[in-house]
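*Asks:* This is the structure I have questions about; it appears just below.
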Amino acid sequence: ATSISKTTDLKQQRSHFKHLSSHLIKVVQLFGVNEKVYVEFCPMADSNNGAYWLSKEEKVINPYFGEAMLTCGEVKQVIE
């Protein structure tokens, strides 16, 4: 999170967000959470390598492409 806040370059922020999301997903899978969260995935993020993120909503709102591809992605897992 600190790395994200230390740059204004959106590409770098998204790269840091990908790594942060990966770690947070592992933590939530291991320890759980007090509410339903969705692990979502976009196959086109990170130069078509794909990237995951957590969401409190089932509806996909892609953080990697902004308005260009706001709904690109799918729910891969529901954690309750």
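Chain lettering (A, B, ...) mirrors the order of the structure tokens, residue numbering begins at 1 for each chain separately, and ligand numbering begins at 1 in order of display.
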Going by DSSP on the backbone, which residues of region 7-41 of chain A come out as strand (DSSP E or B)? List them as an MDAnalysis selection string.
*Replies:* chainID A and resid 37:41
*Asks:* Could you give me, as a VMD selection string, the residues within 12 Å of Leu70 (chain A), counting only C-alpha atoms and dropping anything in the same chain fewer than 4 positions from it?
*Replies:* chain A and resid 42 44 to 45 59 to 66 74
*Asks:* Need the shell around region 35-40 of chain A: protein/DNA/RNA residues with any atom at most 8 Å away, counting only C-alpha atoms. Skip same-chain ones fewer than 6 positions apart. Format as a ChimeraX atom specification?
*Replies:* /A:25,52-58,60,73-80
*Asks:* Can I get the selected residues back with N, CA, C and O atoms, as a short mmCIF file (atom, residue, chain, number, x, y, z; two decimals), in the first residue's frame?
*Replies:*
data_model
loop_
_atom_site.label_atom_id
_atom_site.label_comp_id
_atom_site.auth_asym_id
_atom_site.auth_seq_id
_atom_site.Cartn_x
_atom_site.Cartn_y
_atom_site.Cartn_z
N ILE A 25 -5.39 -11.63 -0.77
CA ILE A 25 -6.24 -12.80 -1.08
C ILE A 25 -5.77 -14.00 -0.27
O ILE A 25 -6.58 -14.71 0.33
N TYR A 52 -5.63 -10.70 -10.20
CA TYR A 52 -6.74 -10.90 -9.28
C TYR A 52 -6.91 -9.67 -8.40
O TYR A 52 -5.99 -8.87 -8.23
N TRP A 53 -8.08 -9.55 -7.80
CA TRP A 53 -8.34 -8.54 -6.79
C TRP A 53 -9.51 -9.00 -5.94
O TRP A 53 -10.25 -9.90 -6.31
N LEU A 54 -9.65 -8.40 -4.78
CA LEU A 54 -10.78 -8.67 -3.89
C LEU A 54 -11.84 -7.61 -4.09
O LEU A 54 -11.53 -6.45 -4.32
N SER A 55 -13.09 -8.03 -3.95
CA SER A 55 -14.20 -7.09 -4.05
C SER A 55 -15.27 -7.46 -3.04
O SER A 55 -15.46 -8.63 -2.73
N LYS A 56 -15.95 -6.47 -2.53
CA LYS A 56 -17.10 -6.72 -1.66
C LYS A 56 -18.36 -6.92 -2.47
O LYS A 56 -19.39 -7.28 -1.94
N GLU A 57 -18.28 -6.70 -3.79
CA GLU A 57 -19.43 -6.83 -4.67
C GLU A 57 -19.19 -7.95 -5.68
O GLU A 57 -18.08 -8.10 -6.19
N GLU A 58 -20.24 -8.68 -5.99
CA GLU A 58 -20.14 -9.72 -7.01
C GLU A 58 -19.96 -9.12 -8.40
O GLU A 58 -19.29 -9.68 -9.26
N VAL A 60 -18.44 -7.23 -11.27
CA VAL A 60 -17.04 -6.94 -11.59
C VAL A 60 -16.87 -5.46 -11.90
O VAL A 60 -17.54 -4.91 -12.76
N GLY A 73 -13.70 -9.25 -16.64
CA GLY A 73 -13.28 -10.13 -15.56
C GLY A 73 -14.40 -11.01 -15.10
O GLY A 73 -15.52 -10.97 -15.64
N GLU A 74 -14.10 -11.85 -14.11
CA GLU A 74 -15.10 -12.76 -13.58
C GLU A 74 -14.77 -13.10 -12.13
O GLU A 74 -13.63 -12.97 -11.69
N VAL A 75 -15.80 -13.56 -11.43
CA VAL A 75 -15.62 -14.01 -10.05
C VAL A 75 -15.01 -15.41 -10.11
O VAL A 75 -15.54 -16.30 -10.78
N LYS A 76 -13.90 -15.60 -9.42
CA LYS A 76 -13.23 -16.90 -9.38
C LYS A 76 -13.51 -17.66 -8.08
O LYS A 76 -13.44 -18.88 -8.05
N GLN A 77 -13.80 -16.91 -7.02
CA GLN A 77 -14.03 -17.54 -5.72
C GLN A 77 -14.86 -16.62 -4.85
O GLN A 77 -14.73 -15.40 -4.93
N VAL A 78 -15.69 -17.21 -4.00
CA VAL A 78 -16.44 -16.46 -3.00
C VAL A 78 -15.92 -16.93 -1.65
O VAL A 78 -15.86 -18.13 -1.37
N ILE A 79 -15.52 -15.99 -0.81
CA ILE A 79 -15.03 -16.30 0.53
C ILE A 79 -16.03 -15.75 1.53
O ILE A 79 -16.36 -14.58 1.50
N GLU A 80 -16.51 -16.63 2.41
CA GLU A 80 -17.49 -16.19 3.41
C GLU A 80 -16.97 -16.44 4.81
O GLU A 80 -16.25 -17.34 5.07
#
*Asks:* Choose the residue, out of A:Phe31, A:Glu67, A:Cys72, A:Ser5, that has the smallest atom-to-atom separation from Phe17 (chain A); count only C-alpha atoms.
*Replies:*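 For Phe17 (chain A), the nearest of the candidates is A:Ser5.
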*Asks:* Could you jot down the CA of Asp46 (chain A) to CA of Lys11 (chain A) separation for me, Å, one decimal place?
*Replies:*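 Interatomic distance here is 9.4 Å.
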*Asks:* Write out as a PyMOL selection string each polymer residue whose atoms come within 12 Å of Ala1 (chain A), counting only C-alpha atoms; drop sequence neighbours fewer than 4 positions from it.
*Replies:* chain A and resi 5-7+12-21+23-24
*Asks:* For the residues selected in the previous step, produce a file with N, CA, C and O atoms as a PDB file, in the first residue's frame.
*Replies:*
ATOM      1  N   SER A   5       1.026   4.461  -2.786  1.00  0.00           N
ATOM      2  CA  SER A   5       0.867   5.876  -2.433  1.00  0.00           C
ATOM      3  C   SER A   5       2.102   6.716  -2.758  1.00  0.00           C
ATOM      4  O   SER A   5       2.008   7.932  -2.834  1.00  0.00           O
ATOM      5  N   LYS A   6       3.238   6.072  -2.981  1.00  0.00           N
ATOM      6  CA  LYS A   6       4.474   6.817  -3.242  1.00  0.00           C
ATOM      7  C   LYS A   6       4.683   7.174  -4.706  1.00  0.00           C
ATOM      8  O   LYS A   6       5.670   7.810  -5.045  1.00  0.00           O
ATOM      9  N   THR A   7       3.776   6.762  -5.579  1.00  0.00           N
ATOM     10  CA  THR A   7       3.919   7.105  -6.997  1.00  0.00           C
ATOM     11  C   THR A   7       2.594   7.627  -7.548  1.00  0.00           C
ATOM     12  O   THR A   7       1.532   7.265  -7.058  1.00  0.00           O
ATOM     13  N   GLN A  12       2.493   1.942 -12.593  1.00  0.00           N
ATOM     14  CA  GLN A  12       3.212   1.438 -11.423  1.00  0.00           C
ATOM     15  C   GLN A  12       2.246   1.136 -10.279  1.00  0.00           C
ATOM     16  O   GLN A  12       2.397   0.126  -9.586  1.00  0.00           O
ATOM     17  N   GLN A  13       1.264   2.011 -10.075  1.00  0.00           N
ATOM     18  CA  GLN A  13       0.275   1.767  -9.025  1.00  0.00           C
ATOM     19  C   GLN A  13      -0.464   0.462  -9.263  1.00  0.00           C
ATOM     20  O   GLN A  13      -0.687  -0.311  -8.338  1.00  0.00           O
ATOM     21  N   ARG A  14      -0.837   0.200 -10.494  1.00  0.00           N
ATOM     22  CA  ARG A  14      -1.550  -1.044 -10.811  1.00  0.00           C
ATOM     23  C   ARG A  14      -0.659  -2.260 -10.603  1.00  0.00           C
ATOM     24  O   ARG A  14      -1.116  -3.303 -10.148  1.00  0.00           O
ATOM     25  N   SER A  15       0.612  -2.144 -10.909  1.00  0.00           N
ATOM     26  CA  SER A  15       1.550  -3.239 -10.667  1.00  0.00           C
ATOM     27  C   SER A  15       1.661  -3.525  -9.166  1.00  0.00           C
ATOM     28  O   SER A  15       1.614  -4.683  -8.741  1.00  0.00           O
ATOM     29  N   HIS A  16       1.795  -2.489  -8.379  1.00  0.00           N
ATOM     30  CA  HIS A  16       1.857  -2.657  -6.917  1.00  0.00           C
ATOM     31  C   HIS A  16       0.538  -3.224  -6.389  1.00  0.00           C
ATOM     32  O   HIS A  16       0.526  -4.071  -5.487  1.00  0.00           O
ATOM     33  N   PHE A  17      -0.577  -2.758  -6.954  1.00  0.00           N
ATOM     34  CA  PHE A  17      -1.894  -3.242  -6.536  1.00  0.00           C
ATOM     35  C   PHE A  17      -2.034  -4.738  -6.812  1.00  0.00           C
ATOM     36  O   PHE A  17      -2.596  -5.475  -6.005  1.00  0.00           O
ATOM     37  N   LYS A  18      -1.497  -5.198  -7.926  1.00  0.00           N
ATOM     38  CA  LYS A  18      -1.550  -6.627  -8.256  1.00  0.00           C
ATOM     39  C   LYS A  18      -0.859  -7.447  -7.169  1.00  0.00           C
ATOM     40  O   LYS A  18      -1.392  -8.458  -6.706  1.00  0.00           O
ATOM     41  N   HIS A  19       0.311  -7.013  -6.752  1.00  0.00           N
ATOM     42  CA  HIS A  19       1.050  -7.743  -5.718  1.00  0.00           C
ATOM     43  C   HIS A  19       0.360  -7.651  -4.361  1.00  0.00           C
ATOM     44  O   HIS A  19       0.265  -8.648  -3.634  1.00  0.00           O
ATOM     45  N   LEU A  20      -0.143  -6.480  -4.022  1.00  0.00           N
ATOM     46  CA  LEU A  20      -0.873  -6.308  -2.769  1.00  0.00           C
ATOM     47  C   LEU A  20      -2.109  -7.194  -2.752  1.00  0.00           C
ATOM     48  O   LEU A  20      -2.375  -7.889  -1.759  1.00  0.00           O
ATOM     49  N   SER A  21      -2.839  -7.226  -3.848  1.00  0.00           N
ATOM     50  CA  SER A  21      -4.045  -8.050  -3.935  1.00  0.00           C
ATOM     51  C   SER A  21      -3.713  -9.526  -3.755  1.00  0.00           C
ATOM     52  O   SER A  21      -4.422 -10.251  -3.051  1.00  0.00           O
ATOM     53  N   HIS A  23      -1.301 -10.893  -2.072  1.00  0.00           N
ATOM     54  CA  HIS A  23      -1.033 -11.163  -0.658  1.00  0.00           C
ATOM     55  C   HIS A  23      -2.299 -11.101   0.187  1.00  0.00           C
ATOM     56  O   HIS A  23      -2.516 -11.943   1.067  1.00  0.00           O
ATOM     57  N   LEU A  24      -3.146 -10.112  -0.075  1.00  0.00           N
ATOM     58  CA  LEU A  24      -4.389  -9.985   0.693  1.00  0.00           C
ATOM     59  C   LEU A  24      -5.325 -11.166   0.460  1.00  0.00           C
ATOM     60  O   LEU A  24      -5.969 -11.651   1.392  1.00  0.00           O
TER      61      LEU A  24
END
*Asks:* Quick one: pull the distance between CA of Ala51 (chain A) and CA of Lys26 (chain A), Å, one decimal.
*Replies:*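 The value is 13.8 Å.
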*Asks:* Please measure the separation of CA of Asp9 (chain A) and CA of Val27 (chain A), giving the value in Å to one decimal.
*Replies:*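 Answer for the CA of Asp9 (chain A) to CA of Val27 (chain A) separation: 27.0 Å.
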